[in-house]
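Asks: What follows is protein-v9.csv, CSV, C-alpha atoms.
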```csv
chain,number,residue,atom,x,y,z
A,1456,MET,CA,44.3,35.2,45.5
A,1457,SER,CA,42.0,33.2,47.8
A,1458,PHE,CA,43.0,30.1,49.6
A,1459,ARG,CA,42.3,27.0,47.4
A,1460,ALA,CA,41.8,23.6,48.9
A,1461,SER,CA,41.8,20.4,46.8
A,1462,VAL,CA,40.8,17.2,48.7
A,1463,LEU,CA,41.4,13.7,47.3
A,1464,THR,CA,39.1,11.3,48.9
A,1465,LEU,CA,37.0,8.1,48.5
A,1466,TYR,CA,34.1,10.0,50.2
A,1467,PRO,CA,33.7,13.5,48.6
A,1468,GLU,CA,30.2,13.7,50.1
A,1469,MET,CA,31.8,14.3,53.5
A,1470,PHE,CA,32.8,17.8,52.3
A,1471,PRO,CA,32.3,20.6,53.0
A,1472,GLY,CA,30.5,19.2,56.1
A,1473,ALA,CA,30.9,21.5,59.0
A,1474,LEU,CA,33.1,23.8,56.8
A,1475,GLY,CA,29.9,24.8,55.0
A,1476,LEU,CA,28.5,26.4,58.2
A,1477,SER,CA,29.3,29.4,60.5
A,1478,LEU,CA,32.4,31.5,59.8
A,1479,ALA,CA,34.0,29.0,57.3
A,1480,GLY,CA,30.7,28.5,55.4
A,1481,ARG,CA,30.2,32.3,55.0
A,1482,ALA,CA,33.8,32.7,53.9
A,1483,LEU,CA,33.3,29.9,51.4
A,1484,GLU,CA,30.2,31.6,50.0
A,1485,ARG,CA,32.1,35.0,49.8
A,1486,GLY,CA,35.0,33.3,47.9
A,1487,ASP,CA,37.5,34.0,50.6
A,1488,TRP,CA,38.5,30.4,50.1
A,1489,SER,CA,37.5,27.6,47.7
A,1490,LEU,CA,37.1,23.8,48.1
A,1491,GLU,CA,37.1,21.2,45.5
A,1492,THR,CA,36.9,17.4,45.9
A,1493,HIS,CA,38.3,14.7,43.7
A,1494,GLN,CA,37.0,11.1,43.8
A,1495,ILE,CA,40.1,8.9,43.9
A,1496,ARG,CA,38.2,6.0,42.3
A,1497,ASP,CA,37.8,8.1,39.1
A,1498,PHE,CA,41.5,7.5,38.5
A,1499,ALA,CA,41.4,3.7,38.7
A,1500,THR,CA,41.7,1.8,35.4
A,1501,ASP,CA,40.0,-1.5,36.0
A,1502,ARG,CA,36.3,-2.2,35.7
A,1503,HIS,CA,36.0,-2.5,39.5
A,1504,ARG,CA,37.6,0.9,40.0
A,1505,SER,CA,40.0,-0.6,42.5
A,1506,VAL,CA,42.1,1.8,44.6
A,1507,ASP,CA,43.8,-0.7,46.9
A,1508,ASP,CA,45.5,-4.1,47.0
A,1509,THR,CA,47.0,-6.5,49.5
A,1510,PRO,CA,50.2,-5.4,51.4
A,1511,ALA,CA,53.5,-6.5,50.0
A,1512,GLY,CA,55.0,-9.0,52.5
A,1513,GLY,CA,51.7,-10.0,53.8
A,1514,GLY,CA,49.6,-8.8,56.7
A,1515,ALA,CA,46.1,-7.6,57.5
A,1516,GLY,CA,44.2,-5.0,55.6
A,1517,MET,CA,44.7,-3.3,52.3
A,1518,VAL,CA,47.0,-0.6,51.0
A,1519,MET,CA,46.1,2.3,48.7
A,1520,ARG,CA,47.8,1.9,45.3
A,1521,ALA,CA,50.5,4.3,44.2
A,1522,ASP,CA,49.6,4.4,40.6
A,1523,VAL,CA,45.9,5.3,41.2
A,1524,LEU,CA,46.8,8.0,43.8
A,1525,ALA,CA,49.5,9.4,41.6
A,1526,ARG,CA,47.1,10.0,38.8
A,1527,ALA,CA,44.6,11.7,41.2
A,1528,ILE,CA,47.3,13.9,42.6
A,1529,ASP,CA,48.7,14.9,39.2
A,1530,HIS,CA,45.2,15.8,38.1
A,1531,ALA,CA,44.5,17.9,41.2
A,1532,ALA,CA,47.9,19.5,41.2
A,1533,PRO,CA,49.5,19.7,37.7
A,1534,ALA,CA,53.0,20.9,37.1
A,1535,GLY,CA,53.5,24.4,38.3
A,1536,ASP,CA,51.0,24.1,41.2
A,1537,THR,CA,52.9,25.5,44.2
A,1538,ARG,CA,50.5,24.4,46.9
A,1539,PRO,CA,51.8,22.0,49.5
A,1540,LYS,CA,50.7,18.4,49.1
A,1541,LEU,CA,49.6,16.8,52.3
A,1542,LEU,CA,48.7,13.3,53.5
A,1543,MET,CA,46.6,13.1,56.6
A,1544,SER,CA,48.4,10.3,58.5
A,1545,PRO,CA,48.7,9.2,62.2
A,1546,ARG,CA,52.5,8.8,61.6
A,1547,GLY,CA,52.9,12.3,60.3
A,1548,ARG,CA,54.3,15.3,62.1
A,1549,PRO,CA,51.8,16.7,64.7
A,1550,LEU,CA,49.9,19.7,63.4
A,1551,THR,CA,50.8,22.9,65.2
A,1552,GLN,CA,49.3,26.4,65.3
A,1553,ALA,CA,52.5,27.7,63.7
A,1554,ARG,CA,52.1,25.3,60.8
A,1555,VAL,CA,48.5,26.2,60.5
A,1556,ARG,CA,49.5,29.9,60.2
A,1557,GLN,CA,52.0,29.0,57.4
A,1558,PHE,CA,49.2,27.2,55.5
A,1559,ALA,CA,46.9,30.2,56.0
A,1560,GLU,CA,49.5,32.6,54.5
A,1561,GLY,CA,49.9,30.4,51.4
A,1562,PRO,CA,47.9,29.7,48.2
A,1563,GLY,CA,46.1,26.7,49.6
A,1564,ALA,CA,46.7,22.9,49.9
A,1565,VAL,CA,46.2,19.6,48.2
A,1566,ILE,CA,45.1,17.1,50.8
A,1567,VAL,CA,45.1,13.4,50.3
A,1568,CYS,CA,42.8,11.4,52.6
A,1569,GLY,CA,44.1,7.9,53.2
A,1570,ARG,CA,42.0,4.9,54.0
A,1571,PHE,CA,42.6,1.2,54.9
A,1572,GLU,CA,46.0,0.3,56.3
A,1573,GLY,CA,47.8,3.2,54.6
A,1574,VAL,CA,49.2,4.5,51.4
A,1575,ASP,CA,52.0,3.0,49.2
A,1576,GLN,CA,55.2,4.6,50.3
A,1577,ARG,CA,56.3,5.2,46.7
A,1578,VAL,CA,53.6,7.7,46.0
A,1579,ILE,CA,54.5,9.6,49.2
A,1580,GLU,CA,58.0,9.9,48.0
A,1581,THR,CA,57.5,10.6,44.3
A,1582,ARG,CA,54.7,13.2,44.9
A,1583,ASP,CA,56.5,14.7,47.9
A,1584,LEU,CA,53.6,14.3,50.3
A,1585,GLU,CA,54.0,15.9,53.7
A,1586,GLU,CA,52.4,13.6,56.3
A,1587,ILE,CA,50.5,15.4,59.0
A,1588,SER,CA,48.8,14.0,62.1
A,1589,ILE,CA,46.2,15.7,64.2
A,1590,GLY,CA,46.8,13.6,67.3
A,1591,ASP,CA,48.0,10.3,68.7
A,1592,TYR,CA,44.9,8.2,67.8
A,1593,ILE,CA,43.6,6.4,64.8
A,1594,LEU,CA,40.6,7.5,62.7
A,1595,SER,CA,38.7,5.5,60.1
A,1596,GLY,CA,40.2,7.7,57.4
A,1597,GLY,CA,41.8,11.0,56.6
A,1598,GLU,CA,38.6,12.9,55.9
A,1599,PRO,CA,37.9,14.0,59.5
A,1600,ALA,CA,41.5,15.0,59.9
A,1601,ALA,CA,41.3,17.0,56.7
A,1602,LEU,CA,38.2,18.8,58.0
A,1603,VAL,CA,40.0,19.7,61.2
A,1604,LEU,CA,43.1,21.0,59.4
A,1605,LEU,CA,41.0,23.1,57.0
A,1606,ASP,CA,38.9,24.5,59.9
A,1607,ALA,CA,42.0,25.6,61.7
A,1608,VAL,CA,43.4,27.3,58.6
A,1609,VAL,CA,40.3,28.9,57.2
A,1610,ARG,CA,39.5,30.8,60.4
A,1611,LEU,CA,42.8,32.6,60.1
A,1612,LEU,CA,42.3,33.8,56.6
A,1613,PRO,CA,41.8,37.6,56.3
A,1614,GLY,CA,38.3,38.7,56.9
A,1615,VAL,CA,37.0,35.4,58.2
A,1616,MET,CA,37.0,36.2,61.9
A,1617,GLY,CA,35.1,39.4,62.8
A,1618,ASN,CA,37.9,40.5,65.2
A,1619,ALA,CA,41.4,39.4,64.0
A,1620,VAL,CA,42.9,40.0,67.4
A,1621,SER,CA,40.8,37.2,68.9
A,1622,GLY,CA,42.9,34.8,66.9
A,1623,GLU,CA,46.1,36.1,68.4
A,1624,GLU,CA,45.2,35.5,72.0
A,1625,GLU,CA,44.2,31.9,71.9
A,1626,SER,CA,45.8,28.7,73.1
A,1627,PHE,CA,49.1,27.8,71.4
A,1628,GLU,CA,49.5,31.2,69.8
A,1629,SER,CA,52.0,32.3,72.5
A,1630,GLY,CA,53.2,28.9,73.4
A,1631,LEU,CA,50.8,28.7,76.3
A,1632,LEU,CA,47.3,27.5,76.9
A,1633,GLU,CA,44.7,30.2,77.0
A,1634,HIS,CA,43.8,32.0,80.2
A,1635,PRO,CA,40.3,31.4,81.8
A,1636,HIS,CA,37.4,33.5,80.5
A,1637,TYR,CA,34.5,35.1,82.4
A,1638,THR,CA,31.4,37.1,81.5
A,1639,ARG,CA,28.1,38.2,83.1
A,1640,PRO,CA,26.5,37.5,85.5
A,1641,GLN,CA,28.9,38.8,88.1
A,1642,GLU,CA,27.8,36.0,90.6
A,1643,PHE,CA,27.1,32.5,89.5
A,1644,GLU,CA,26.3,29.7,92.1
A,1645,GLY,CA,28.5,31.4,94.7
A,1646,ARG,CA,31.4,32.2,92.4
A,1647,SER,CA,32.4,35.7,91.4
A,1648,ILE,CA,34.3,37.0,88.5
A,1649,PRO,CA,37.9,37.7,89.7
A,1650,GLU,CA,38.1,41.3,90.9
A,1651,VAL,CA,41.1,42.2,88.7
A,1652,LEU,CA,39.0,41.6,85.6
A,1653,THR,CA,36.5,44.3,86.6
A,1654,SER,CA,39.2,46.7,87.9
A,1655,GLY,CA,39.7,48.6,84.7
A,1656,ASN,CA,43.5,48.3,85.2
A,1657,HIS,CA,44.5,46.9,81.8
A,1658,ALA,CA,48.1,46.3,82.9
A,1659,LYS,CA,47.1,44.2,85.9
A,1660,ILE,CA,44.5,42.4,83.8
A,1661,ALA,CA,47.2,41.4,81.2
A,1662,GLU,CA,49.5,40.3,84.0
A,1663,TRP,CA,46.8,38.2,85.6
A,1664,ARG,CA,46.0,36.5,82.2
A,1665,ARG,CA,49.6,35.7,81.6
A,1666,GLU,CA,50.0,34.2,85.0
A,1667,LYS,CA,46.8,32.1,84.7
A,1668,ALA,CA,47.9,30.9,81.3
A,1669,ARG,CA,51.2,29.8,82.7
A,1670,GLU,CA,49.5,28.0,85.6
A,1671,LEU,CA,47.1,26.1,83.3
A,1672,THR,CA,49.9,25.2,80.9
A,1673,ALA,CA,52.1,23.9,83.8
A,1674,GLN,CA,49.2,21.8,85.0
A,1675,ARG,CA,47.9,20.4,81.7
A,1676,ARG,CA,50.7,20.7,79.1
A,1677,PRO,CA,54.1,21.2,80.8
A,1678,ASP,CA,55.7,20.1,77.6
A,1679,LEU,CA,54.6,23.4,76.0
A,1680,LEU,CA,56.5,25.4,78.7
A,1681,HIS,CA,59.8,23.7,77.8
A,1682,ARG,CA,59.1,23.9,74.1
A,1683,GLY,CA,57.9,27.4,73.4
A,1684,ASP,CA,58.0,29.7,76.4
A,1685,PRO,CA,61.5,31.1,76.9
A,1686,SER,CA,60.7,32.5,80.3
A,1687,SER,CA,60.2,29.0,81.7
A,1688,ARG,CA,63.8,28.0,81.0
```
Output the file's structure in the form of structure tokens.
Replies:
Amino acid sequence: MSFRASVLTLYPEMFPGALGLSLAGRALERGDWSLETHQIRDFATDRHRSVDDTPAGGGAGMVMRADVLARAIDHAAPAGDTRPKLLMSPRGRPLTQARVRQFAEGPGAVIVCGRFEGVDQRVIETRDLEEISIGDYILSGGEPAALVLLDAVVRLLPGVMGNAVSGEEESFESGLLEHPHYTRPQEFEGRSIPEVLTSGNHAKIAEWRREKARELTAQRRPDLLHRGDPSSR
């Protein structure tokens, strides 16, 4: 069974976007994964196809309606659909590489792209939406976040990357940032490739890469050392 993504959005024309190119695009053409979009406005019932209303209790902006979203979700994921239902939201749990791998190993995902000030809490609760954030910043809507999540997942699907091992040696896979990379030419503006990398000693190369990964992580993301690298404790 291929990975199946269903995206609920007010802007279906934003998809597949970059996902239609390169590795993800070729995998989409091969059927390694599938993508369908659902226009949330199609599930509104008034003549204006309204999907939002003023926030209860007052305040700025508008809130996406629970009833309209619920109908859209129930259409995209009817009873018996085992795919996780996700809401891209800045207040969600941060997306991690471990969670991405879990998604890649599953049947797919139903992704709700919020807009305006947010989504009525009742549809989040009644449709068991898992809120996911891609970072501590605000976007104009959930669509760019959904594209990021799907890109991270699709590249891990079987057969998408030419060399599966390359996906196992990247930042966050081991709890550390990735080590520096070098390639030809041997000399560039007075800087040489570190000698160990051209030594042919694979044990020393592996040791050098681990050490450089730890150094970079300590400098840039020390929180990762305490979170996921047992040797740092």
Asks: Record the distance separating CA of Arg1496 in chain A and CA of Tyr1592 in chain A, expressed in Å with one decimal.
Replies: 26.5 Å
Asks: From the list A:Lys1659, A:Arg1577, A:Arg1570, A:Arg1610, which residue is nearest Gly1597 in chain A when using all atoms listed in the file?
Replies: A:Arg1570
Asks: Which residues, written as a PyMOL selection string, have at least one atom at most 8 Å from range 1662-1677 of chain A, with all atoms listed in the file counted and residues fewer than 5 positions away on the same chain left out?
Replies: chain A and resi 1631-1635+1651
Asks: Suppose you want the space between CA of Ser1477 in chain A and CA of Val1609 in chain A; what is it in Å?
Replies: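 Computing it gives 11.5 Å between the two atoms.
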Asks: If you take every atom of range 1566-1584 of chain A that the file lists and fit an axis-aligned box around them with 5 Å extra on each side, what centre and edge lengths come out in Å to one decimal, as lines of an AutoDock Vina configuration file?
Replies:
```
center_x = 50.0
center_y = 8.7
center_z = 50.3
size_x = 26.0
size_y = 26.8
size_z = 22.0
```
Asks: I need the residue nearest Ala1511 in chain A from this list: A:Val1574, A:Ala1473, A:Ala1531, A:Leu1483. Use only C-alpha atoms for the distance.
Replies: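 For Ala1511 in chain A, the nearest of the candidates is A:Val1574.
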Asks: Point out the residue among A:Gly1486, A:Ile1589, A:Asp1497, A:Arg1646 with the least atom-to-atom distance to Arg1546 in chain A, counting all atoms listed in the file.
Replies: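 Selected residue with least distance to Arg1546 in chain A: A:Ile1589.
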Asks: Which one of A:Pro1613, A:Gly1472, A:Pro1562, A:Pro1533 sits closest to Glu1598 in chain A if you count all atoms listed in the file?
Replies: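 For Glu1598 in chain A, the nearest of the candidates is A:Gly1472.
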Asks: Which value, in Å to one decimal, gives the distance between CA of Arg1548 in chain A and CA of Ile1587 in chain A?
Replies: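 These atoms are spaced 4.9 Å apart.
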Asks: From the set A:Leu1541, A:Leu1604, A:Ala1532, A:Leu1465, which residue has the shortest atom-to-atom contact distance to Val1506 in chain A, counting all atoms listed in the file?
Replies: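 Closest to Val1506 in chain A, using all atoms listed in the file: A:Leu1465.
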Asks: Kindly indicate which residue among A:Met1543, A:Val1523, A:Glu1491, A:Thr1464 lies nearest to Arg1504 in chain A, using all atoms listed in the file for the distances.
Replies: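 Among A:Met1543, A:Val1523, A:Glu1491, A:Thr1464, it is A:Val1523 that comes nearest to Arg1504 in chain A.
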Asks: At a cut-off of 8 Å, using all atoms listed in the file, what residues contact range 1553-1561 of chain A? Leave out same-chain residues fewer than 3 positions from it and give the result as a ChimeraX atom specification.
Replies: /A:1458,1538,1550,1564,1604,1607-1609,1611-1612,1628
Asks: Compile the contact shell of Ile1528 in chain A as a compact mmCIF listing (two decimals) with C-alpha atoms, keeping the file's coordinate frame: residues with an atom at most 12 Å away, counting all atoms listed in the file, same-chain residues fewer than 3 positions apart removed.
Replies:
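What follows is the written file result-v9.txt:
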```
# COMPACT_ATOMS: atom_id res chain seq x y z
CA SER A 1461 41.80 20.40 46.80
CA VAL A 1462 40.80 17.20 48.70
CA LEU A 1463 41.40 13.70 47.30
CA THR A 1464 39.10 11.30 48.90
CA THR A 1492 36.90 17.40 45.90
CA HIS A 1493 38.30 14.70 43.70
CA GLN A 1494 37.00 11.10 43.80
CA ILE A 1495 40.10 8.90 43.90
CA ASP A 1497 37.80 8.10 39.10
CA PHE A 1498 41.50 7.50 38.50
CA ALA A 1521 50.50 4.30 44.20
CA ASP A 1522 49.60 4.40 40.60
CA VAL A 1523 45.90 5.30 41.20
CA LEU A 1524 46.80 8.00 43.80
CA ALA A 1525 49.50 9.40 41.60
CA ALA A 1531 44.50 17.90 41.20
CA ALA A 1532 47.90 19.50 41.20
CA PRO A 1533 49.50 19.70 37.70
CA ALA A 1534 53.00 20.90 37.10
CA ASP A 1536 51.00 24.10 41.20
CA ARG A 1538 50.50 24.40 46.90
CA PRO A 1539 51.80 22.00 49.50
CA LYS A 1540 50.70 18.40 49.10
CA LEU A 1541 49.60 16.80 52.30
CA LEU A 1542 48.70 13.30 53.50
CA ALA A 1564 46.70 22.90 49.90
CA VAL A 1565 46.20 19.60 48.20
CA ILE A 1566 45.10 17.10 50.80
CA VAL A 1567 45.10 13.40 50.30
CA CYS A 1568 42.80 11.40 52.60
CA VAL A 1578 53.60 7.70 46.00
CA ILE A 1579 54.50 9.60 49.20
CA THR A 1581 57.50 10.60 44.30
CA ARG A 1582 54.70 13.20 44.90
CA ASP A 1583 56.50 14.70 47.90
CA LEU A 1584 53.60 14.30 50.30
```
Asks: Give as a ChimeraX atom specification the set of residues within 6 Å of the point (43.9, -1.7, 45.1), where distances use the file's coordinates and all atoms listed in the file.
Replies: /A:1505-1508,1519-1520
Asks: Give me, as number ranges by chain, all polymer residues having an atom no more than 10 Å from Gly1514 in chain A, counting all atoms listed in the file and skipping those fewer than 4 positions away in the same chain.
Replies: A: 1509-1510, 1572
Asks: Write the residues of the preceding selection, restricted to C-alpha atoms, as a PDB file, in the coordinates of the input.
Replies:
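Full text of result.pdb as output:
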```
ATOM      1  CA  THR A1509      47.000  -6.500  49.500  1.00  0.00           C
ATOM      2  CA  PRO A1510      50.200  -5.400  51.400  1.00  0.00           C
ATOM      3  CA  GLU A1572      46.000   0.300  56.300  1.00  0.00           C
TER       4      GLU A1572
END
```
